[in-house]
Every structure is written in C-alpha cells, then in structure tokens.
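Structure first, commentary second.
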Amino acid sequence: MNAGFVPASRAQGSATRTGLDELDLAIVHALQIQPRAPWTLVGEVLEIDPVTAARRWGRLRDSGAAWVDGYLSPAHDTLVRAQLEVTTDGSRIADVATTLSNDPPVLSLKQTSGTRDLLVIVWAPDLDWLAEYVTERVSRVPGVRTTRLHVITAAPFEGSQWRLRALSSAQAERLRPAEPRAGAGSSPDEPLRPLERRIAVTLGSDGRMPLAELARVVGSSVATTRRGLGRLLRDGLLSLRCNLARPLTGWPVSAVYFASVPAQHLDATAAALRTLPELRLCTMTAGPQNMILDVWLRTLHDVHGLEAHLARELGHLRVRITDRAVVLRTYKHVGRVLDRHGHSVRAVPTDLWD
C-alpha cells in the first residue's frame, strides 16, 4: 500500500479532543510498546519523575480509561477462534449482549449496523467445543434468532500491534524490548504448561501485576513464575497490550469491513494492510468473506473514504469489500466488559480449561 489513508478530518486540519493531556497519551504509548516497563524506565524516557508516571497511570487505570491485559497469542496457541454473527429480536439486543459478555469463550462483542446485530469473537479449545458452544449456548440465549460462524484461520494483524502517536521515534526506540538472543529459551512449539496457562489467564485481568503478587495468585514461587512469564514473552506465546478507551484515542468511530480476496493474494493483502494506521484487527476466515477488517476512524464519513482508498491501493490484488458495518457499541473488548463510553468496568476470566 503506497500511501496512508488521509481522513477528511485530518485533511481539514481539525484537531480531535480526547480529554487527556499529552503526558497521559505518552504514558499509554510507552506501555503499548512495553506493557510491563518499570516506571523508572518510563520516567527516564519521558523525562518525568517515575512517581509521577505511576500516579498518572493509576488515575487512568482506576477510572477504566486505560488498562493492560494479556492473552495467549493467536500465532502460537492451539485455541480455535471464530467470528460469530448473531441476529436477535430487536428489543432483546442489549439483553443478549450483556448475557454473552459474561461468557469466558466470548473474547469481544460489538453491536453493529447492517445485517447482523452482534459481531462476536469467540475462542474455544477445539472445533467440536466451538460447535457445541454456538449451538447449545449461544443459540439458546433468549432473544437470539440466528447465528453465522466464520472460523478464523489466521490473524496476521491484531490490536496489540496498534500504537498511539504520542512519542517520538527516538523515545519509542528506547522503550522497545531487546530481541532475545538466537537460540535462547525453549521452542514456541512446545506445549504450554499448566502454570504458563495460569499466568496468561491471570495477566488477562491485570497485565502489570507485580511478579510477587502474580506468583501468589498462580500458586508458584517467584523464581518459577519469572521463568514461566519469561518463556511466554520471549517465545511470543503471550500478547500483552495497553488499551485506551476508544473515544479517548482520537479515533472515535469503529467499523468492520468484510472482504473477499483470492486465496493466492491473501498473504500479499495482509502484508499491504500492515501499513494502514486505521487497522486494528485483520483476520482470515473460512467462508464467503475470507478476510474481516476492524478499523478505527476519525469520522463516520471516513467509512466510505477508507473503503475507496482500499479499492485504489489493493485493486491489483482483486480485493473486494462485500459488506461493511459501523460499530454502534462495544460491550466487550479482549475479555473486558466496557461501559457506554468504552471504559473498562471489569475483566471476565478467560480460563477455558477449568
């Protein structure tokens, strides 16, 4: 993709008010790069007192405006994931969304415009478990009329890779974790140990949980917990991410595009999309629409502008947008139940093995 999309709001030179100051955004950006960075490092890079950085973050976290969580990486974990479309009786949308948001298999849940009422990302231990969950649980929730499942075959881009633009390139580079030495650690193909799964589940509620507290919660020694966490991060098995309530990011509109891409062009399309600043999630799926894109935008008008940009830049790959939807409300985001303003209310444990 040769050039980034320029939304109407940016072209007009208008500023988007987020309600946060530059330092708040810088702290969030720093934790997006290194979610468990010590406050001494954050303070050094931002040239502020570490206590100030910690206090600022505490205010953001306690208000639900920002949070750090973790989840097993789709690239290495054996879990099956799917995009699930749900239609409901119109008056029961909120009831269905609230009910499903409390289910651990529901990773994210959005109310959208278009032919479906809810778009849900579900994960499961295997395909049989997934089928049973959809037919025996989701389809039986009062108010659910129909479901349509798109099994995810790959996720070439996901939300932990998205960044604010509050830091300079030099500051960002200082925060970037060092690459592990060649041959260091275990193989990512080794099965996850029960302790490592407990660590991942626990960090889903608080990705910055201090090591001593994490060890206590997972029932292990500090040294063993440190090794387990180190392996998860070193081998890319655990994705840690710092989230900010979407209305505070300056990208208040969320949209979803359903695309049809010739199989031979899927990888090239995914590679081209990586340069798109608006992209939050790209999943390849088995179905009539084999690529689903989640994007954040400045204005509603940009929904059409971005689609036109994709048609121009990816036309040679025969990418065709077959459907699009605007997100009306996000009820759950990567295991977090959100309020109407996109702030975190609580975390739903994502342990599927109990």
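Quick note on naming: the chains in the structure tokens go A, B, ... in the order shown, residues restart at 1 in each chain, and ligands are numbered from 1 in order of appearance.
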
* **Long-range neighbours of range 194-201 of chain A as a list in words, 6 Å cut-off, only C-alpha atoms, 2 positions minimum in chain** =>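 Surrounding residues, per the criterion: Tyr71, Leu203, Gly204, Val218, Gly228 and Asp351 of chain A.
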
* Mind checking which residues fall within 8 Å of Asn243 in chain A, counting only C-alpha atoms, ignoring those fewer than 5 positions away in the same chain, and posting them as number ranges by chain? => A: 28, 32, 66-69

* To do: For Pro142 in chain A, list every protein, DNA or RNA residue within 10 Å, evaluated using only C-alpha atoms, and leave out those in the same chain fewer than 2 positions away; present the list as a VMD selection string.
  => chain A and resid 88 to 89 92 95 to 96 99 138 to 140 144 to 145

Take the residues just selected and output them with N, CA and C atoms as a PDB file, in the first residue's frame.
```pdb
ATOM      1  N   THR A  88     -30.810 -10.954  16.469  1.00  0.00           N
ATOM      2  CA  THR A  88     -31.653 -11.075  17.654  1.00  0.00           C
ATOM      3  C   THR A  88     -33.025 -10.464  17.400  1.00  0.00           C
ATOM      4  N   ASP A  89     -33.933 -10.733  18.319  1.00  0.00           N
ATOM      5  CA  ASP A  89     -35.163  -9.958  18.366  1.00  0.00           C
ATOM      6  C   ASP A  89     -34.761  -8.536  18.731  1.00  0.00           C
ATOM      7  N   ARG A  92     -34.312  -7.248  22.214  1.00  0.00           N
ATOM      8  CA  ARG A  92     -33.501  -8.050  23.137  1.00  0.00           C
ATOM      9  C   ARG A  92     -32.008  -7.904  22.883  1.00  0.00           C
ATOM     10  N   ASP A  95     -29.993  -7.247  26.056  1.00  0.00           N
ATOM     11  CA  ASP A  95     -30.037  -8.395  26.963  1.00  0.00           C
ATOM     12  C   ASP A  95     -29.109  -9.507  26.478  1.00  0.00           C
ATOM     13  N   VAL A  96     -29.175  -9.806  25.179  1.00  0.00           N
ATOM     14  CA  VAL A  96     -28.319 -10.857  24.626  1.00  0.00           C
ATOM     15  C   VAL A  96     -26.845 -10.473  24.764  1.00  0.00           C
ATOM     16  N   THR A  99     -25.685 -10.816  28.378  1.00  0.00           N
ATOM     17  CA  THR A  99     -25.573 -12.222  28.763  1.00  0.00           C
ATOM     18  C   THR A  99     -24.293 -12.847  28.198  1.00  0.00           C
ATOM     19  N   VAL A 138     -25.065 -20.279  22.731  1.00  0.00           N
ATOM     20  CA  VAL A 138     -25.444 -19.013  22.105  1.00  0.00           C
ATOM     21  C   VAL A 138     -26.842 -19.087  21.509  1.00  0.00           C
ATOM     22  N   SER A 139     -27.125 -20.143  20.756  1.00  0.00           N
ATOM     23  CA  SER A 139     -28.413 -20.242  20.072  1.00  0.00           C
ATOM     24  C   SER A 139     -29.586 -20.374  21.035  1.00  0.00           C
ATOM     25  N   ARG A 140     -29.316 -20.763  22.277  1.00  0.00           N
ATOM     26  CA  ARG A 140     -30.376 -20.942  23.264  1.00  0.00           C
ATOM     27  C   ARG A 140     -30.580 -19.715  24.158  1.00  0.00           C
ATOM     28  N   VAL A 144     -32.001 -14.640  20.884  1.00  0.00           N
ATOM     29  CA  VAL A 144     -31.166 -14.956  19.722  1.00  0.00           C
ATOM     30  C   VAL A 144     -32.021 -15.625  18.657  1.00  0.00           C
ATOM     31  N   ARG A 145     -31.926 -15.124  17.440  1.00  0.00           N
ATOM     32  CA  ARG A 145     -32.692 -15.695  16.329  1.00  0.00           C
ATOM     33  C   ARG A 145     -31.823 -16.579  15.439  1.00  0.00           C
TER      34      ARG A 145
END
```

* Considering only C-alpha atoms, return as a ChimeraX atom specification whatever protein or nucleic-acid residues lie within 12 Å of Gly159 in chain A, sequence-local ones (same chain, fewer than 2 positions apart) excluded. => /A:32,69-71,73-74,108,155-157,161-164,239-244,274,277-283,293-296,333-334

With N, CA and C atoms retained, export the selected residues as a compact mmCIF listing (two decimals), in the first residue's frame.
```
# COMPACT_ATOMS: atom_id res chain seq x y z
N GLN A 32 2.14 0.72 25.57
CA GLN A 32 1.81 -0.06 24.38
C GLN A 32 3.07 -0.75 23.84
N ASP A 69 -3.69 -5.69 29.67
CA ASP A 69 -4.13 -7.07 29.83
C ASP A 69 -3.29 -7.98 28.95
N GLY A 70 -3.54 -9.27 29.06
CA GLY A 70 -2.77 -10.23 28.29
C GLY A 70 -3.63 -11.38 27.83
N TYR A 71 -3.22 -12.03 26.76
CA TYR A 71 -3.94 -13.18 26.24
C TYR A 71 -2.97 -14.02 25.42
N SER A 73 -1.22 -15.73 22.48
CA SER A 73 -1.05 -15.25 21.11
C SER A 73 -1.70 -16.19 20.11
N PRO A 74 -2.54 -15.65 19.21
CA PRO A 74 -3.17 -16.50 18.19
C PRO A 74 -2.15 -17.19 17.30
N SER A 108 -14.55 -10.82 22.46
CA SER A 108 -15.00 -9.46 22.18
C SER A 108 -16.42 -9.52 21.63
N ALA A 155 -4.60 -14.71 11.91
CA ALA A 155 -4.79 -13.32 12.35
C ALA A 155 -3.48 -12.58 12.12
N PRO A 156 -3.23 -12.13 10.88
CA PRO A 156 -1.94 -11.51 10.56
C PRO A 156 -1.70 -10.16 11.24
N PHE A 157 -2.75 -9.53 11.73
CA PHE A 157 -2.57 -8.26 12.45
C PHE A 157 -3.62 -8.21 13.55
N GLN A 161 -0.62 -4.65 18.24
CA GLN A 161 0.37 -4.01 17.37
C GLN A 161 0.00 -2.55 17.05
N TRP A 162 -1.21 -2.12 17.45
CA TRP A 162 -1.64 -0.76 17.17
C TRP A 162 -1.01 0.21 18.17
N ARG A 163 -0.64 1.40 17.70
CA ARG A 163 0.04 2.37 18.56
C ARG A 163 -0.57 3.77 18.45
N LEU A 164 -0.59 4.48 19.57
CA LEU A 164 -0.81 5.92 19.54
C LEU A 164 0.41 6.56 18.89
N SER A 239 0.53 -12.30 24.40
CA SER A 239 0.43 -10.92 23.93
C SER A 239 -0.03 -10.04 25.08
N LEU A 240 0.80 -9.08 25.47
CA LEU A 240 0.42 -8.08 26.45
C LEU A 240 0.11 -6.79 25.71
N ARG A 241 -0.94 -6.10 26.11
CA ARG A 241 -1.26 -4.86 25.42
C ARG A 241 -1.85 -3.84 26.36
N CYS A 242 -1.56 -2.60 26.07
CA CYS A 242 -2.12 -1.48 26.82
C CYS A 242 -3.25 -0.90 26.00
N ASN A 243 -4.43 -0.91 26.55
CA ASN A 243 -5.62 -0.42 25.87
C ASN A 243 -6.04 0.94 26.42
N LEU A 244 -6.59 1.76 25.56
CA LEU A 244 -7.15 3.05 25.92
C LEU A 244 -8.57 3.10 25.39
N ARG A 274 -0.75 -3.92 6.69
CA ARG A 274 0.01 -3.63 7.90
C ARG A 274 0.41 -2.15 7.99
N PRO A 277 -2.73 2.91 9.12
CA PRO A 277 -2.81 3.36 10.52
C PRO A 277 -4.13 3.05 11.19
N GLU A 278 -5.20 2.96 10.41
CA GLU A 278 -6.52 2.74 10.99
C GLU A 278 -6.79 1.29 11.38
N LEU A 279 -5.98 0.36 10.90
CA LEU A 279 -6.24 -1.06 11.12
C LEU A 279 -6.05 -1.46 12.57
N ARG A 280 -7.03 -2.15 13.12
CA ARG A 280 -6.94 -2.67 14.48
C ARG A 280 -6.87 -4.20 14.51
N LEU A 281 -7.53 -4.84 13.56
CA LEU A 281 -7.54 -6.30 13.54
C LEU A 281 -7.80 -6.77 12.12
N CYS A 282 -7.03 -7.76 11.70
CA CYS A 282 -7.23 -8.40 10.40
C CYS A 282 -7.27 -9.90 10.63
N THR A 283 -8.38 -10.53 10.28
CA THR A 283 -8.49 -11.97 10.41
C THR A 283 -8.82 -12.59 9.06
N LEU A 293 -11.86 -7.05 8.49
CA LEU A 293 -11.01 -5.97 8.98
C LEU A 293 -11.75 -5.13 9.99
N ASP A 294 -11.14 -4.91 11.16
CA ASP A 294 -11.63 -3.96 12.14
C ASP A 294 -10.77 -2.71 12.06
N VAL A 295 -11.41 -1.55 11.91
CA VAL A 295 -10.66 -0.31 11.80
C VAL A 295 -11.22 0.74 12.75
N TRP A 296 -10.36 1.69 13.12
CA TRP A 296 -10.78 2.87 13.87
C TRP A 296 -10.62 4.09 12.97
N HIS A 333 -14.31 -6.13 25.07
CA HIS A 333 -13.13 -5.98 24.24
C HIS A 333 -11.98 -6.76 24.87
N VAL A 334 -11.59 -7.84 24.22
CA VAL A 334 -10.49 -8.70 24.68
C VAL A 334 -10.66 -9.05 26.16
```

* To do: Mind the document's chain letters and residue numbers, and return as number ranges by chain the residues of range 24-249 of chain A that DSSP labels strand (DSSP E or B).
  => A: 66-72, 80-88, 106-112, 118-124, 144-157, 238-244

* **DSSP-assigned alpha helix (DSSP H) among range 206-279 of chain A, expressed as a list in words** =>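 Written out, the alpha helix (DSSP H) residues of range 206-279 of chain A are Leu211, Ala212, Glu213, Leu214, Ala215, Arg216, Val217, Val218, Val222, Ala223, Thr224, Thr225, Arg226, Arg227, Gly228, Leu229, Gly230, Arg231, Leu232, Leu233, Arg234, Leu266, Asp267, Ala268, Thr269, Ala270, Ala271, Ala272 and Leu273 of chain A.
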
Would you save the residues of that selection, restricted to C-alpha atoms, as a short mmCIF file (atom, residue, chain, number, x, y, z; two decimals), in the first residue's frame?
```cif
data_model
loop_
_atom_site.label_atom_id
_atom_site.label_comp_id
_atom_site.auth_asym_id
_atom_site.auth_seq_id
_atom_site.Cartn_x
_atom_site.Cartn_y
_atom_site.Cartn_z
CA LEU A 211 5.71 -10.51 39.98
CA ALA A 212 5.37 -11.37 43.67
CA GLU A 213 1.58 -10.98 43.52
CA LEU A 214 1.42 -12.93 40.26
CA ALA A 215 3.35 -15.80 41.87
CA ARG A 216 0.95 -15.84 44.80
CA VAL A 217 -2.14 -15.90 42.57
CA VAL A 218 -0.85 -18.71 40.31
CA VAL A 222 8.61 -16.04 42.36
CA ALA A 223 11.56 -17.62 40.56
CA THR A 224 9.43 -20.24 38.79
CA THR A 225 6.81 -17.65 37.88
CA ARG A 226 9.52 -15.36 36.49
CA ARG A 227 10.80 -18.18 34.28
CA GLY A 228 7.28 -19.04 33.09
CA LEU A 229 6.46 -15.44 32.26
CA GLY A 230 9.83 -15.02 30.58
CA ARG A 231 9.19 -18.01 28.34
CA LEU A 232 5.72 -16.75 27.38
CA LEU A 233 7.05 -13.33 26.40
CA ARG A 234 10.33 -14.49 24.84
CA LEU A 266 -4.33 -13.30 0.96
CA ASP A 267 -0.78 -13.03 2.27
CA ALA A 268 0.11 -10.11 0.00
CA THR A 269 -3.07 -8.30 1.02
CA ALA A 270 -2.32 -8.81 4.72
CA ALA A 271 1.22 -7.50 4.22
CA ALA A 272 -0.07 -4.39 2.46
CA LEU A 273 -2.66 -3.72 5.17
#
```

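You can rank A:Arg174, A:Lys332, A:Arg340, A:His301 by their closest distance to Glu44 in chain A using only C-alpha atoms, and at the top of that list sits A:Arg174.
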
* Contact residues around range 118-127 of chain A with only C-alpha atoms at 6 Å, ignoring same-chain residues under 4 positions, as a list in words ->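 Listing them by chain and then by number gives Leu79, Val80, Arg81, Ala82, Gln83, Leu84, Glu85, Val86, Pro105, Val106, Leu107, Ser108, Leu109, Lys110, Gln111 and Thr112 of chain A.
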
For those residues, write N, CA and C atoms to a file as an mmCIF file, in the first residue's frame.
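again.cif was written with the following content:
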```
data_model
loop_
_atom_site.group_PDB
_atom_site.id
_atom_site.type_symbol
_atom_site.label_atom_id
_atom_site.label_comp_id
_atom_site.auth_asym_id
_atom_site.auth_seq_id
_atom_site.Cartn_x
_atom_site.Cartn_y
_atom_site.Cartn_z
ATOM 1 N N LEU A 79 -5.688 -22.786 20.535
ATOM 2 C CA LEU A 79 -7.107 -22.474 20.603
ATOM 3 C C LEU A 79 -7.669 -22.172 19.214
ATOM 4 N N VAL A 80 -8.925 -22.509 19.040
ATOM 5 C CA VAL A 80 -9.654 -22.181 17.818
ATOM 6 C C VAL A 80 -10.403 -20.878 18.050
ATOM 7 N N ARG A 81 -10.360 -19.986 17.057
ATOM 8 C CA ARG A 81 -11.055 -18.712 17.154
ATOM 9 C C ARG A 81 -12.012 -18.553 15.981
ATOM 10 N N ALA A 82 -13.069 -17.763 16.201
ATOM 11 C CA ALA A 82 -14.050 -17.566 15.143
ATOM 12 C C ALA A 82 -14.726 -16.213 15.303
ATOM 13 N N GLN A 83 -15.164 -15.674 14.179
ATOM 14 C CA GLN A 83 -16.030 -14.506 14.163
ATOM 15 C C GLN A 83 -17.461 -15.028 14.057
ATOM 16 N N LEU A 84 -18.305 -14.600 14.976
ATOM 17 C CA LEU A 84 -19.678 -15.103 15.050
ATOM 18 C C LEU A 84 -20.653 -13.946 14.863
ATOM 19 N N GLU A 85 -21.507 -14.051 13.837
ATOM 20 C CA GLU A 85 -22.559 -13.068 13.625
ATOM 21 C C GLU A 85 -23.838 -13.555 14.308
ATOM 22 N N VAL A 86 -24.487 -12.669 15.021
ATOM 23 C CA VAL A 86 -25.705 -13.020 15.755
ATOM 24 C C VAL A 86 -26.805 -12.028 15.399
ATOM 25 N N PRO A 105 -15.778 -17.786 26.890
ATOM 26 C CA PRO A 105 -15.397 -18.007 25.483
ATOM 27 C C PRO A 105 -15.577 -16.778 24.591
ATOM 28 N N VAL A 106 -16.341 -15.787 25.054
ATOM 29 C CA VAL A 106 -16.539 -14.570 24.264
ATOM 30 C C VAL A 106 -15.386 -13.615 24.545
ATOM 31 N N LEU A 107 -14.547 -13.434 23.546
ATOM 32 C CA LEU A 107 -13.388 -12.561 23.702
ATOM 33 C C LEU A 107 -13.783 -11.092 23.513
ATOM 34 N N SER A 108 -14.550 -10.818 22.458
ATOM 35 C CA SER A 108 -15.004 -9.458 22.175
ATOM 36 C C SER A 108 -16.420 -9.524 21.627
ATOM 37 N N LEU A 109 -17.185 -8.440 21.844
ATOM 38 C CA LEU A 109 -18.579 -8.413 21.385
ATOM 39 C C LEU A 109 -18.973 -6.985 21.056
ATOM 40 N N LYS A 110 -19.503 -6.802 19.828
ATOM 41 C CA LYS A 110 -19.890 -5.468 19.370
ATOM 42 C C LYS A 110 -21.300 -5.502 18.808
ATOM 43 N N GLN A 111 -22.026 -4.424 19.032
ATOM 44 C CA GLN A 111 -23.291 -4.219 18.345
ATOM 45 C C GLN A 111 -22.999 -3.401 17.094
ATOM 46 N N THR A 112 -23.491 -3.870 15.946
ATOM 47 C CA THR A 112 -23.155 -3.218 14.686
ATOM 48 C C THR A 112 -24.407 -2.888 13.876
#
```

* **Contacts of Arg320 in chain A at 7 Å (only C-alpha atoms; same-chain gap of 2+ positions) as a list in words** =>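 Skipping anything fewer than 2 positions along the chain leaves Ala259, Ser260, Val261, Arg318 and Thr322 of chain A.
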